[in-house]
Amino acid sequence: MTNTPTYDLECIDITKSFGPIRAVKGVSFNIPSGSFFSILGPSGCGKTTLMRMIAGFEEPGSGDIRIKGRSVLGTPPNKRNVKMVFQHLALFPMMNVYENIAYGLRCNGVKNAEIKAKVQDVLERIALPDVAEREIHQLSGGQKQRIAIARCMVLDPDVLLLDEPLGALDLKLREAMKIELKQLQHQFNTTFIYITHDQSEALVMSDHV
């Protein structure tokens, strides 16, 4: 008896058009659990549109998207166990690090004691155990990246989507963050789907491109 492979995400013949423009044409792939999977291509080729469909912000014109084997077509973004890190990170400047990471847990009605434990655990795992009380403007670019990932990972997503998250960093920090992102993905053992136009980023970090 052979074991059926488990996929955290399956895209099956996905298409998407905006009027006469075909943004995504017949894309299919399977992503095994716990992979670092990169989607590589030039600007304007449909990468972000594909990611927005996976996240639920756009519906495909045809095809299917399955997370953990279940179709999520018609399922709104807040009901999909998918989280997204944007290039501009979208951290809340009026909240400190602790409140940024705790925000999603509070929205889900998690009790304060559990929030405290989960936030501290995720800060330990991103190797920033002592920054909970810091304001966002006091963090370096690399620290902000890690906090943005921690804010998603504390919610235990099935899939983490990263839309060119290193694009706003300077070259030296970007090189360091390539290695760090791969280490973080191993640390959480969660499927990372990484959108990039940078071939070196994709090749350094990915299990599959």
# chains A, B, ... in the order shown; residues from 1 in each chain; ligands from 1
>>> residues_around(residues="A:Leu181", least_positions_apart="3", cutoff="10 Å", atoms="only C-alpha atoms", output="list in words")
Phe36, Ile126, Gln145, Arg146, Ile149, Leu166, Ala176, Met177, Lys178, Leu184, Gln185, His186, Gln187, Phe192 and Met205 of chain A
>>> closest_residue(among="A:Leu128, A:Leu139, A:Leu40, A:Leu171", to="A:Pro93", atoms="only C-alpha atoms")
A:Leu139
>>> closest_residue(among="A:Leu91, A:Ile39, A:Ile65, A:Val24", to="A:Ile12", atoms="only C-alpha atoms")
A:Ile65
>>> residues_around(residues="stretch 74-87 of chain A", least_positions_apart="3", cutoff="8 Å", atoms="only C-alpha atoms", output="VMD selection string")
chain A and resid 55 to 57 59 90 148 to 149 152 157 to 168
>>> residues_around(residues="A:Asn108", least_positions_apart="6", cutoff="12 Å", atoms="only C-alpha atoms", output="JSON, numbers by chain")
{"A": [78, 79, 102, 114, 115, 154, 155]}
>>> closest_residue(among="A:Val72, A:Val204, A:Leu169, A:Ile195", to="A:Thr48", atoms="only C-alpha atoms")
A:Ile195
>>> residues_around(residues="A:Glu135", least_positions_apart="2", cutoff="9 Å", atoms="only C-alpha atoms", output="PDB file with N, CA, C and O atoms, in the first residue's frame")
ATOM      1  N   PRO A  93       1.587  50.923  13.324  1.00  0.00           N
ATOM      2  CA  PRO A  93       2.574  51.796  13.976  1.00  0.00           C
ATOM      3  C   PRO A  93       2.139  52.292  15.349  1.00  0.00           C
ATOM      4  O   PRO A  93       2.981  52.652  16.173  1.00  0.00           O
ATOM      5  N   MET A  94       0.809  52.283  15.599  1.00  0.00           N
ATOM      6  CA  MET A  94       0.340  52.792  16.899  1.00  0.00           C
ATOM      7  C   MET A  94       0.376  51.715  17.989  1.00  0.00           C
ATOM      8  O   MET A  94       0.067  51.981  19.137  1.00  0.00           O
ATOM      9  N   MET A  95       0.750  50.489  17.635  1.00  0.00           N
ATOM     10  CA  MET A  95       0.829  49.381  18.601  1.00  0.00           C
ATOM     11  C   MET A  95       2.288  48.956  18.760  1.00  0.00           C
ATOM     12  O   MET A  95       3.060  49.014  17.800  1.00  0.00           O
ATOM     13  N   ASN A  96       2.640  48.504  19.966  1.00  0.00           N
ATOM     14  CA  ASN A  96       3.985  47.968  20.152  1.00  0.00           C
ATOM     15  C   ASN A  96       4.068  46.554  19.569  1.00  0.00           C
ATOM     16  O   ASN A  96       3.096  46.023  19.014  1.00  0.00           O
ATOM     17  N   VAL A  97       5.234  45.941  19.688  1.00  0.00           N
ATOM     18  CA  VAL A  97       5.451  44.612  19.097  1.00  0.00           C
ATOM     19  C   VAL A  97       4.465  43.596  19.655  1.00  0.00           C
ATOM     20  O   VAL A  97       3.835  42.828  18.910  1.00  0.00           O
ATOM     21  N   VAL A 131      11.827  41.875  22.720  1.00  0.00           N
ATOM     22  CA  VAL A 131      11.381  43.100  22.039  1.00  0.00           C
ATOM     23  C   VAL A 131       9.890  43.369  22.197  1.00  0.00           C
ATOM     24  O   VAL A 131       9.359  44.292  21.568  1.00  0.00           O
ATOM     25  N   ALA A 132       9.200  42.615  23.052  1.00  0.00           N
ATOM     26  CA  ALA A 132       7.732  42.719  23.129  1.00  0.00           C
ATOM     27  C   ALA A 132       7.252  44.144  23.392  1.00  0.00           C
ATOM     28  O   ALA A 132       6.231  44.566  22.838  1.00  0.00           O
ATOM     29  N   GLU A 133       7.959  44.891  24.212  1.00  0.00           N
ATOM     30  CA  GLU A 133       7.504  46.239  24.589  1.00  0.00           C
ATOM     31  C   GLU A 133       8.017  47.326  23.654  1.00  0.00           C
ATOM     32  O   GLU A 133       7.688  48.498  23.839  1.00  0.00           O
ATOM     33  N   HIS A 137       8.665  51.687  15.395  1.00  0.00           N
ATOM     34  CA  HIS A 137       9.687  52.580  14.820  1.00  0.00           C
ATOM     35  C   HIS A 137      11.062  52.351  15.430  1.00  0.00           C
ATOM     36  O   HIS A 137      12.070  52.837  14.906  1.00  0.00           O
ATOM     37  N   GLN A 138      11.136  51.601  16.532  1.00  0.00           N
ATOM     38  CA  GLN A 138      12.429  51.311  17.174  1.00  0.00           C
ATOM     39  C   GLN A 138      13.104  50.061  16.606  1.00  0.00           C
ATOM     40  O   GLN A 138      14.207  49.725  17.018  1.00  0.00           O
ATOM     41  N   LEU A 139      12.452  49.391  15.672  1.00  0.00           N
ATOM     42  CA  LEU A 139      12.987  48.137  15.119  1.00  0.00           C
ATOM     43  C   LEU A 139      13.786  48.393  13.845  1.00  0.00           C
ATOM     44  O   LEU A 139      13.502  49.326  13.102  1.00  0.00           O
TER      45      LEU A 139
END
>>> atom_distance(atom1="atom CA of A:Lys144", atom2="atom CA of A:Pro129")
13.8 Å
>>> select_by_dssp(residues="stretch 4-132 of chain A", states="strand (DSSP E or B)", output="PyMOL selection string")
chain A and resi 7-18+21-32+36-40+62-67+70-71+82-85+96
>>> residues_around(residues="A:Gly41", least_positions_apart="5", cutoff="12 Å", atoms="only C-alpha atoms", output="MDAnalysis selection string")
chainID A and resid 46:48 50 164 194:202 209
>>> write_last_selection(atoms="N, CA, C and O atoms", output="PDB file, in the first residue's frame")
ATOM      1  N   GLY A  46       1.497  37.881 -13.481  1.00  0.00           N
ATOM      2  CA  GLY A  46       0.339  37.273 -12.822  1.00  0.00           C
ATOM      3  C   GLY A  46       0.625  36.640 -11.472  1.00  0.00           C
ATOM      4  O   GLY A  46      -0.259  36.027 -10.871  1.00  0.00           O
ATOM      5  N   LYS A  47       1.841  36.811 -10.950  1.00  0.00           N
ATOM      6  CA  LYS A  47       2.216  36.178  -9.671  1.00  0.00           C
ATOM      7  C   LYS A  47       1.332  36.658  -8.520  1.00  0.00           C
ATOM      8  O   LYS A  47       0.799  35.855  -7.754  1.00  0.00           O
ATOM      9  N   THR A  48       1.193  37.976  -8.395  1.00  0.00           N
ATOM     10  CA  THR A  48       0.416  38.520  -7.281  1.00  0.00           C
ATOM     11  C   THR A  48      -1.066  38.204  -7.435  1.00  0.00           C
ATOM     12  O   THR A  48      -1.756  37.926  -6.440  1.00  0.00           O
ATOM     13  N   LEU A  50      -2.254  35.473  -8.728  1.00  0.00           N
ATOM     14  CA  LEU A  50      -2.350  34.087  -8.274  1.00  0.00           C
ATOM     15  C   LEU A  50      -2.372  34.022  -6.748  1.00  0.00           C
ATOM     16  O   LEU A  50      -3.197  33.316  -6.147  1.00  0.00           O
ATOM     17  N   GLU A 164       6.944  39.244  -2.292  1.00  0.00           N
ATOM     18  CA  GLU A 164       8.180  40.022  -2.439  1.00  0.00           C
ATOM     19  C   GLU A 164       8.536  40.769  -1.153  1.00  0.00           C
ATOM     20  O   GLU A 164       8.760  41.989  -1.176  1.00  0.00           O
ATOM     21  N   TYR A 194       6.447  31.789  -1.690  1.00  0.00           N
ATOM     22  CA  TYR A 194       7.221  33.019  -1.819  1.00  0.00           C
ATOM     23  C   TYR A 194       7.128  33.533  -3.255  1.00  0.00           C
ATOM     24  O   TYR A 194       7.486  32.833  -4.194  1.00  0.00           O
ATOM     25  N   ILE A 195       6.617  34.750  -3.412  1.00  0.00           N
ATOM     26  CA  ILE A 195       6.494  35.383  -4.725  1.00  0.00           C
ATOM     27  C   ILE A 195       7.716  36.266  -4.958  1.00  0.00           C
ATOM     28  O   ILE A 195       8.047  37.108  -4.115  1.00  0.00           O
ATOM     29  N   THR A 196       8.396  36.086  -6.085  1.00  0.00           N
ATOM     30  CA  THR A 196       9.574  36.917  -6.350  1.00  0.00           C
ATOM     31  C   THR A 196       9.845  37.013  -7.853  1.00  0.00           C
ATOM     32  O   THR A 196       9.468  36.128  -8.620  1.00  0.00           O
ATOM     33  N   HIS A 197      10.498  38.106  -8.245  1.00  0.00           N
ATOM     34  CA  HIS A 197      11.019  38.215  -9.613  1.00  0.00           C
ATOM     35  C   HIS A 197      12.524  38.007  -9.605  1.00  0.00           C
ATOM     36  O   HIS A 197      13.169  38.068 -10.654  1.00  0.00           O
ATOM     37  N   ASP A 198      13.108  37.734  -8.416  1.00  0.00           N
ATOM     38  CA  ASP A 198      14.561  37.635  -8.239  1.00  0.00           C
ATOM     39  C   ASP A 198      14.974  36.160  -8.235  1.00  0.00           C
ATOM     40  O   ASP A 198      14.685  35.424  -7.289  1.00  0.00           O
ATOM     41  N   GLN A 199      15.668  35.756  -9.287  1.00  0.00           N
ATOM     42  CA  GLN A 199      16.026  34.343  -9.429  1.00  0.00           C
ATOM     43  C   GLN A 199      16.923  33.869  -8.289  1.00  0.00           C
ATOM     44  O   GLN A 199      16.772  32.748  -7.790  1.00  0.00           O
ATOM     45  N   SER A 200      17.867  34.717  -7.849  1.00  0.00           N
ATOM     46  CA  SER A 200      18.787  34.288  -6.787  1.00  0.00           C
ATOM     47  C   SER A 200      18.031  34.053  -5.475  1.00  0.00           C
ATOM     48  O   SER A 200      18.337  33.110  -4.747  1.00  0.00           O
ATOM     49  N   GLU A 201      17.034  34.902  -5.179  1.00  0.00           N
ATOM     50  CA  GLU A 201      16.218  34.682  -3.979  1.00  0.00           C
ATOM     51  C   GLU A 201      15.548  33.321  -4.039  1.00  0.00           C
ATOM     52  O   GLU A 201      15.598  32.538  -3.092  1.00  0.00           O
ATOM     53  N   ALA A 202      14.925  33.029  -5.175  1.00  0.00           N
ATOM     54  CA  ALA A 202      14.191  31.772  -5.323  1.00  0.00           C
ATOM     55  C   ALA A 202      15.127  30.576  -5.179  1.00  0.00           C
ATOM     56  O   ALA A 202      14.808  29.596  -4.488  1.00  0.00           O
ATOM     57  N   VAL A 209      10.685  25.528  -7.121  1.00  0.00           N
ATOM     58  CA  VAL A 209      10.472  26.825  -7.778  1.00  0.00           C
ATOM     59  C   VAL A 209       9.509  26.598  -8.934  1.00  0.00           C
ATOM     60  O   VAL A 209       9.720  25.679  -9.739  1.00  0.00           O
TER      61      VAL A 209
END
>>> atom_distance(atom1="atom CA of A:Gly142", atom2="atom CA of A:Phe92")
16.3 Å
>>> closest_residue(among="A:Leu73, A:Ile101, A:Val119, A:Cys45", to="A:Ile147", atoms="only C-alpha atoms")
A:Ile101
>>> closest_residue(among="A:Lys172, A:Thr191, A:Met153, A:Cys107", to="A:Tyr7", atoms="only C-alpha atoms")
A:Thr191
>>> residues_around(residues="A:Lys16", least_positions_apart="6", cutoff="8 Å", atoms="only C-alpha atoms", output="VMD selection string")
chain A and resid 22 to 25 59 to 62
>>> select_by_dssp(residues="stretch 23-167 of chain A", states="alpha helix (DSSP H)", output="ChimeraX atom specification")
/A:47-55,97-107,112-125,141-153
>>> atom_distance(atom1="atom CA of A:Asp13", atom2="atom CA of A:Met53")
12.6 Å
>>> closest_residue(among="A:Asp8, A:Asp170, A:Glu99, A:Glu124", to="A:Ile136", atoms="only C-alpha atoms")
A:Glu99
